[in-house]
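Q: Attaching a single structure in structure tokens format; questions to follow.
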Amino acid sequence: MAKKKEKNGSKSVYGPGPKEQQVESHTLAVLVDNEPGVLARVIGLFSGRGYNIESLTVAEVDHEQNLSRITIVSIGTPIDIEQIKNQLERLVPVHSVFDLTVEGPHVERELALVKVISSGDKRIEALRIADIFRARVVDSSLESFIFEVTGTSEKIEAFIELMRPLGLANIGRTGVAAMMRGPVVLGKIGVK
Amino acid sequence: MMTDTKAKETATKATPKDNKMTGAEIVIQALIDQGVEVIFGYPGGAVLPIYDAIFKQKKIKHVLVRHEQGAVHAAEGYARSTGKPGVVLVTSGPGATNAVTGLTDAMLDSIPVVCITGQVPTFLIGTDAFQEADTTGITRHCTKHNYLVKDPNNLADVMHEAFHVSTTGRPGPVVIDLPKDVQFAEGIYKTKDQAALHMYQPQLKPDMNKIEAAVEMIANAKKPIFYTGGGIINSGPKACKLLTEFVQMLGYPITSTLMGLGCYPMTDKQHLGMLGMHGTYEANLAMHDCDVMINIGARFDDRVTGALNKFSPNSKKIHIDVDPSSINKNVLVDLGIISDAGEAIQAMMDVWKKKKYKVDESALRSWWGEIEEWRDVKCLTYKNSDAIIKPQYALERLQHFLQKDKREHFITTEVGQHQMWAAQFLPFDKPNRWMTSGGLGTMGYGLPAAIGTQMGNPDGLVIDVAGEASILMNIQEMSTAVQYRLPVKIFILNNQWMGMVRQWQELLHGERYSESYTESLPDFVKLAEAYGGIGLRAQTPGELDDVIQEMMTTDKVTIVDVNVDQKENCFPMIPSGKGHNEMILAADAEKFDKKLV
């Protein structure tokens with residue numbers, strides 16, 4: 001598992017920083033008012049306070065109530081993650097923050113477009129692997145394919161690694177979208 | 001944002017003819033509706049319509065400052081001393097950027113300030129127009145919230161919401177950026193009651209299960225201490241009264257942070273003085289050795305905790321704060337309670353009485369025995385002199401004459417050694433009497449804050465305890481004080497050095513005094529006179545009393561230039577990276593290992 005580096009502050013007016021600590025990855029779902037600047041507020045909070053963003057997706061989810069859902073994957077110590085959640089909740093346009101990793105079992109999906117340029121055996125092998133990963137061919141020319149692959153981030157990583165020796169040229173990824181399993185509802189999207 | 005029913009109500013309440021106004025008029029009307037009496041500002045091209053609206057009315061007084069930073073600090077002084085939000089009006093571009101330091105200061109010290117900034121017309125935004133700055137972008141991190149209003153019909157809602165956000169929960173600064181064309185355009189005005197209700201409703205009442213758990217911990221404590229901060233003062237005089245009642249009922253010791261001074265009468269024997277880097281020996285040792293710590297409205301700032309791994313190692317910690325993100329941010333606590341300070345103290349008192357808890361008297365007696373031993377160290381002792389004025393002595397004499405004076409007195413400070421000495425030597429028995437820049441440590445805060453304080457308390461005696469370096473950072477506000485006949489006193493402890501910088505260089509940087517001596521200081525007596533104020537000077541201890549007495553009677557802004565010992569250091573002190581029990585007292589300063597840090 002990744003470790004957080006010790007901050008060096010022994011000769012400063014602030015004293016030494018914390019020791020190395022275990023960090024973990026959490027997926028946060030944030031419901032926000034869809035107003036100008038709201039995304040800047042959220043990501044500015046991450047940069048301003050030194051938190052990490054691994055993945056970020058955002059789109060309007062309720063046109064009538066003017067709400068957007070931001071899904072953020074962040075890594076940090078459990079205390080960092082709790083702080084991130086508390087700090088996000090302080091922002092005025094933020095309605096609610098859910099730490100899906102803590103809330104319980106949830107589904108995470110990501111979509112990627114992967115361009116592969118190759119010929120001969122490599123081209124056939126790329127197609128065969130795409131089939132195994134249930135990736136769809138969304139564009140084809142005589143020397144290239146674009147595959148559309150969806151799944152967990154790990155699955156997409158695996159697909160990309162396999163494509164690398166087979167002529168991988170470009171990757172476009174959406175970032176993670178996530179949702180709780182079962183009838184659990186977070187927020188009141190589309191409910192009057 | 002408005003629901004349909006709300007819109008219908010609005011339509012029936014007032015006829016459209018009545019409430020159609022220009023954006024500038026909406027701003028002024030909303031300020032009047034919010035009970036604003038005074039605003040601090042500086043005009044410029046992008047706010048001229050609002051200044052025009054100010055000209056046409058008599059209900060709101062405008063104070064013309066000499067620099068926008070001064071406007072925000074004045075609003076902070078006004079807010080901190082009156083409990084009401086401070087209001088600032090500045091122009092676009094440089095007006096807004098000059099206000100940024102003040103806004104950040106208000107952010108870190110949780111002071112309610114509403115700042116209206118002019119902006120270039122909407123059609124010019126993004127074109128690098130004259131005096132254009134991305135104000136909402138620049139102030140995003142130094143405000144609690146900010147707005148850019150592009151439609152005059154939203155303006156009334158935003159104005160009222162800004163006051164709500166600024167004053168509710170943990171207070172803070174809010175910026176409303178207002179393009180000039182929106183100030184000219186007409187829109188519908190809504191009163192405070194008609195404005196859309198906002199979702200920003202922070203939790204103010206505590207979870208009663210947690211309060212019961214807290215009271216049980218408090219009742220079972222053998223070595224308790226109350227660690228109180230600015231959150232209690234922000235909660236209001238009622239919270240301070242409740243706290244005093246509760247703590248006196250228990251007989252437990254209490255200490256306060258720099259921002260919390262005055263929330264409990266400091267001349268009372270249960271109060272141990274300020275804690276932290278330059279706090280008292282008894283307060284810091286009691287924090288270190290306690291078994292139950294009750295933190296109300298303080299935030300475990302690094303100047304308070306010292307080294308976190310050595311911070312109060314054997315205590316159970318209760319933390320009551322209105323801002324959930326303060327809890328477990330720096331120090332992991334055993335019980336975090338999200339609540340307004342006053343509500344939580346009331347709830348704890350009710351539970352205590354209902355469950356008929358009793359204090360463990362014998363344990364408390366032996367705890368006080370320990371504390372009295374620390375107190376007997378008399379950590380604030382200094383070596384006085386007949387020939388040269390010691391800064392501590394100057395403040396003791398000031399306190400002597402303050403006690404004799406019948407007026408309510410208010411102290412503001414700049415930042416540095418004089419600020420810490422003022423916190424150590426001037427005890428406050430009431431809240432809202434002490435205005436200082438705690439979180440941001442902004443040199444130049446004191447004079448404009450004193451101006452705002454005097455505006456809010458015309459009959460009060462307002463004194464800015466200053467250093468000669470800090471005062472020069474906003475000295476131009478002398479002119480404001482003269483214009484509005486504000487008899488603010490500026491008590492400069494003049495040692496010709498940036499004292500705190502010099503102290504750190506002496507103790508921690510091998511006595512290499514890099515750029516901390518101020519050459520070419522002005523003659524402060526002549527400077528005061530040049531502005532139209534009064535200048536006084538004390539050079540020897542013998543002159544001090546007369547000068548202070550004369551200062552107390554002046555009716556104009558007065559600078560008192562007190563020439564103090566250049567070498568005096570501020571003790572006690574916790575060096576960085578050290579715990580509360582590793583304080584340096586003045587007595588062993590010579591033994592201080594300068595390679596420690």
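The chains in the structure tokens are called A, B, ... from first to last as shown; in each chain the residues are counted from 1, and the ligands are counted from 1 in the order shown.
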Can you check which residues of chain A have any atom within 12 Å of chain B? Use only C-alpha atoms and format it as a PyMOL selection string.

A: chain A and resi 9-19+32-49+64-67+78-96

Q: Extract, using only C-alpha atoms, all DNA, RNA and protein residues at most 12 Å from Asp121 of chain A, discarding same-chain residues fewer than 5 positions from it, and format them as number ranges by chain.

A: A: 126-128, 165-167

Q: Give me, please, the distance in Å between atom CA of Val215 of chain B and atom CA of Trp352 of chain B, quoted to one decimal.

A: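 A separation of 6.4 Å between them.
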
Q: Show which residues sit within 9 Å of Val149 of chain A, as JSON, numbers by chain. Count only C-alpha atoms, and ignore same-chain residues fewer than 6 positions away.

A: {"A": [110, 111, 112, 113, 114, 130, 133, 134, 135, 136, 137, 155, 156, 159]}

Q: Could the residues in this selection be written to a file with N, CA and C atoms, as a PDB file, in the first residue's frame?

A:
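Final output, again-v6.pdb:
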ATOM      1  N   GLU A 110     -16.165   2.890 -15.086  1.00  0.00           N
ATOM      2  CA  GLU A 110     -15.457   3.920 -15.824  1.00  0.00           C
ATOM      3  C   GLU A 110     -15.504   3.529 -17.289  1.00  0.00           C
ATOM      4  N   LEU A 111     -15.472   4.499 -18.162  1.00  0.00           N
ATOM      5  CA  LEU A 111     -15.461   4.201 -19.591  1.00  0.00           C
ATOM      6  C   LEU A 111     -14.166   4.746 -20.185  1.00  0.00           C
ATOM      7  N   ALA A 112     -13.581   3.961 -21.127  1.00  0.00           N
ATOM      8  CA  ALA A 112     -12.368   4.436 -21.780  1.00  0.00           C
ATOM      9  C   ALA A 112     -12.470   4.213 -23.277  1.00  0.00           C
ATOM     10  N   LEU A 113     -11.929   5.131 -24.041  1.00  0.00           N
ATOM     11  CA  LEU A 113     -11.753   4.941 -25.479  1.00  0.00           C
ATOM     12  C   LEU A 113     -10.265   4.723 -25.716  1.00  0.00           C
ATOM     13  N   VAL A 114      -9.955   3.621 -26.415  1.00  0.00           N
ATOM     14  CA  VAL A 114      -8.553   3.246 -26.579  1.00  0.00           C
ATOM     15  C   VAL A 114      -8.259   3.071 -28.068  1.00  0.00           C
ATOM     16  N   ALA A 130      -9.892  -7.621 -27.106  1.00  0.00           N
ATOM     17  CA  ALA A 130     -11.056  -6.743 -26.967  1.00  0.00           C
ATOM     18  C   ALA A 130     -12.307  -7.576 -26.745  1.00  0.00           C
ATOM     19  N   PHE A 133     -12.493  -8.780 -23.209  1.00  0.00           N
ATOM     20  CA  PHE A 133     -12.856  -7.698 -22.275  1.00  0.00           C
ATOM     21  C   PHE A 133     -14.226  -7.099 -22.591  1.00  0.00           C
ATOM     22  N   ARG A 134     -14.912  -7.657 -23.532  1.00  0.00           N
ATOM     23  CA  ARG A 134     -16.202  -7.133 -24.004  1.00  0.00           C
ATOM     24  C   ARG A 134     -16.084  -5.653 -24.393  1.00  0.00           C
ATOM     25  N   ALA A 135     -14.968  -5.311 -24.990  1.00  0.00           N
ATOM     26  CA  ALA A 135     -14.806  -3.957 -25.517  1.00  0.00           C
ATOM     27  C   ALA A 135     -15.425  -3.913 -26.904  1.00  0.00           C
ATOM     28  N   ARG A 136     -16.056  -2.792 -27.222  1.00  0.00           N
ATOM     29  CA  ARG A 136     -16.679  -2.670 -28.532  1.00  0.00           C
ATOM     30  C   ARG A 136     -15.768  -1.866 -29.453  1.00  0.00           C
ATOM     31  N   VAL A 137     -15.814  -2.216 -30.725  1.00  0.00           N
ATOM     32  CA  VAL A 137     -15.082  -1.426 -31.705  1.00  0.00           C
ATOM     33  C   VAL A 137     -16.006  -0.303 -32.138  1.00  0.00           C
ATOM     34  N   LYS A 155     -10.069  -3.031 -14.320  1.00  0.00           N
ATOM     35  CA  LYS A 155     -10.278  -3.723 -15.591  1.00  0.00           C
ATOM     36  C   LYS A 155      -9.730  -2.873 -16.740  1.00  0.00           C
ATOM     37  N   ILE A 156      -9.978  -1.585 -16.677  1.00  0.00           N
ATOM     38  CA  ILE A 156      -9.513  -0.710 -17.750  1.00  0.00           C
ATOM     39  C   ILE A 156      -7.989  -0.651 -17.766  1.00  0.00           C
ATOM     40  N   PHE A 159      -6.790  -3.788 -19.415  1.00  0.00           N
ATOM     41  CA  PHE A 159      -6.995  -3.755 -20.864  1.00  0.00           C
ATOM     42  C   PHE A 159      -5.907  -2.905 -21.531  1.00  0.00           C
TER      43      PHE A 159
END

Q: Hey, what's within 10 Å of segment 182-186 of chain A if we count only C-alpha atoms and toss same-chain stuff fewer than 3 positions away? As a PyMOL selection string, please?

A: chain A and resi 29-31+96-98+100+103-106+179+189

Q: Tell me which of A:Asp62, A:Glu54, A:Glu157, A:Asp99 sits closest to Val176 of chain A, counting only C-alpha atoms.

A: A:Glu54

Q: Using DSSP assignments from the backbone, pull out every residue in segment 252-371 of chain B that falls under strand (DSSP E or B) and give it to me as a ChimeraX atom specification.

A: /B:254-256,271-274,292-296,316-321,335-338

Q: Between B:Leu285, B:Val560, B:Ala221, B:Met208, which residue has the minimum interatomic distance to Trp374 of chain B, considering only C-alpha atoms?

A: B:Leu285

Q: Mind giving me the straight-line distance from atom CA of His164 of chain B to atom CA of Leu64 of chain B in Å, one decimal?

A: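 Taking atom CA of His164 of chain B as the start and atom CA of Leu64 of chain B as the end point, the length is 25.7 Å.
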
Q: When you draw a straight line from atom CA of Gly439 of chain B to atom CA of Asp105 of chain B, how long is it in Å?

A: 7.0 Å

Q: So which residues touch Tyr51 of chain B within 12 Å, counting only C-alpha atoms, skipping near sequence neighbours fewer than 2 positions away, as a tab-separated table (two decimals) with N, CA and C atoms, in the first residue's frame?

A:
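Saved the output as result_38.tsv:
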chain	number	residue	atom	x	y	z
B	23	GLY	N	-29.94	48.42	-9.27
B	23	GLY	CA	-29.10	47.51	-8.49
B	23	GLY	C	-28.45	48.24	-7.31
B	24	ALA	N	-27.96	49.46	-7.57
B	24	ALA	CA	-27.29	50.23	-6.51
B	24	ALA	C	-28.26	50.51	-5.37
B	25	GLU	N	-29.52	50.85	-5.73
B	25	GLU	CA	-30.51	51.12	-4.68
B	25	GLU	C	-30.88	49.86	-3.91
B	27	VAL	N	-28.85	47.45	-3.28
B	27	VAL	CA	-27.75	47.22	-2.32
B	27	VAL	C	-28.00	48.02	-1.05
B	28	ILE	N	-28.27	49.31	-1.22
B	28	ILE	CA	-28.45	50.18	-0.05
B	28	ILE	C	-29.69	49.76	0.74
B	39	ILE	N	-20.81	51.72	7.05
B	39	ILE	CA	-20.00	50.90	6.14
B	39	ILE	C	-18.64	51.58	5.95
B	40	PHE	N	-17.64	50.77	5.69
B	40	PHE	CA	-16.29	51.26	5.52
B	40	PHE	C	-15.91	51.05	4.06
B	41	GLY	N	-15.44	52.10	3.39
B	41	GLY	CA	-15.18	51.90	1.97
B	41	GLY	C	-14.30	52.95	1.34
B	42	TYR	N	-14.13	52.76	0.04
B	42	TYR	CA	-13.30	53.65	-0.77
B	42	TYR	C	-13.87	53.61	-2.18
B	43	PRO	N	-14.22	54.78	-2.74
B	43	PRO	CA	-14.89	54.75	-4.04
B	43	PRO	C	-13.93	54.50	-5.21
B	44	GLY	N	-14.53	54.22	-6.36
B	44	GLY	CA	-13.76	54.01	-7.58
B	44	GLY	C	-14.74	53.81	-8.72
B	45	GLY	N	-14.23	53.77	-9.93
B	45	GLY	CA	-15.07	53.76	-11.12
B	45	GLY	C	-16.18	52.74	-11.10
B	46	ALA	N	-15.88	51.52	-10.65
B	46	ALA	CA	-16.85	50.44	-10.79
B	46	ALA	C	-17.90	50.40	-9.67
B	47	VAL	N	-17.79	51.30	-8.68
B	47	VAL	CA	-18.83	51.33	-7.64
B	47	VAL	C	-19.52	52.68	-7.56
B	48	LEU	N	-19.29	53.54	-8.56
B	48	LEU	CA	-19.87	54.88	-8.49
B	48	LEU	C	-21.39	54.88	-8.36
B	49	PRO	N	-22.12	53.98	-9.06
B	49	PRO	CA	-23.59	54.00	-8.86
B	49	PRO	C	-23.98	53.77	-7.40
B	53	ALA	N	-25.99	56.23	-4.74
B	53	ALA	CA	-27.13	55.85	-3.90
B	53	ALA	C	-26.86	56.19	-2.44
B	54	ILE	N	-25.60	56.08	-2.02
B	54	ILE	CA	-25.24	56.45	-0.63
B	54	ILE	C	-25.46	57.95	-0.43
B	55	PHE	N	-25.10	58.72	-1.44
B	55	PHE	CA	-25.22	60.19	-1.37
B	55	PHE	C	-26.66	60.62	-1.14
B	56	LYS	N	-27.61	59.80	-1.72
B	56	LYS	CA	-29.02	60.19	-1.70
B	56	LYS	C	-29.76	59.72	-0.46
B	57	GLN	N	-29.08	59.13	0.50
B	57	GLN	CA	-29.79	58.64	1.68
B	57	GLN	C	-29.09	59.09	2.96
B	60	ILE	N	-27.49	55.29	6.40
B	60	ILE	CA	-26.22	54.58	6.56
B	60	ILE	C	-25.07	55.57	6.49
B	61	LYS	N	-24.17	55.46	7.46
B	61	LYS	CA	-23.01	56.34	7.47
B	61	LYS	C	-21.85	55.63	6.77
B	62	HIS	N	-21.18	56.35	5.89
B	62	HIS	CA	-20.04	55.78	5.20
B	62	HIS	C	-18.76	56.35	5.79
B	63	VAL	N	-17.82	55.48	6.11
B	63	VAL	CA	-16.52	55.93	6.61
B	63	VAL	C	-15.49	55.74	5.50
B	64	LEU	N	-14.91	56.85	5.08
B	64	LEU	CA	-13.91	56.80	4.00
B	64	LEU	C	-12.55	56.47	4.58
B	89	LEU	N	-17.22	48.34	1.36
B	89	LEU	CA	-17.56	48.65	-0.03
B	89	LEU	C	-16.31	49.15	-0.73
B	90	VAL	N	-15.85	48.39	-1.73
B	90	VAL	CA	-14.64	48.80	-2.46
B	90	VAL	C	-14.87	48.63	-3.96
B	91	THR	N	-13.99	49.23	-4.73
B	91	THR	CA	-14.14	49.17	-6.17
B	91	THR	C	-13.49	47.91	-6.75
B	116	ILE	N	-18.68	44.24	-0.39
B	116	ILE	CA	-19.22	44.42	-1.74
B	116	ILE	C	-18.12	45.02	-2.60
B	118	GLY	N	-17.00	46.34	-6.48
B	118	GLY	CA	-17.44	46.70	-7.81
B	118	GLY	C	-16.76	45.79	-8.82
B	180	LYS	N	-20.78	46.81	-12.90
B	180	LYS	CA	-21.33	48.16	-12.90
B	180	LYS	C	-22.68	48.23	-13.62
B	183	GLN	N	-25.42	47.38	-11.39
B	183	GLN	CA	-25.73	48.44	-10.42
B	183	GLN	C	-26.68	49.48	-11.04
B	184	PHE	N	-26.57	49.68	-12.36
B	184	PHE	CA	-27.44	50.64	-13.05
B	184	PHE	C	-28.80	50.03	-13.39

Q: Please return, as number ranges by chain, all residues of segment 11-174 of chain A that DSSP assigns to alpha helix (DSSP H) on the basis of the backbone.

A: A: 38-48, 78-90, 100-103, 121-132, 153-163
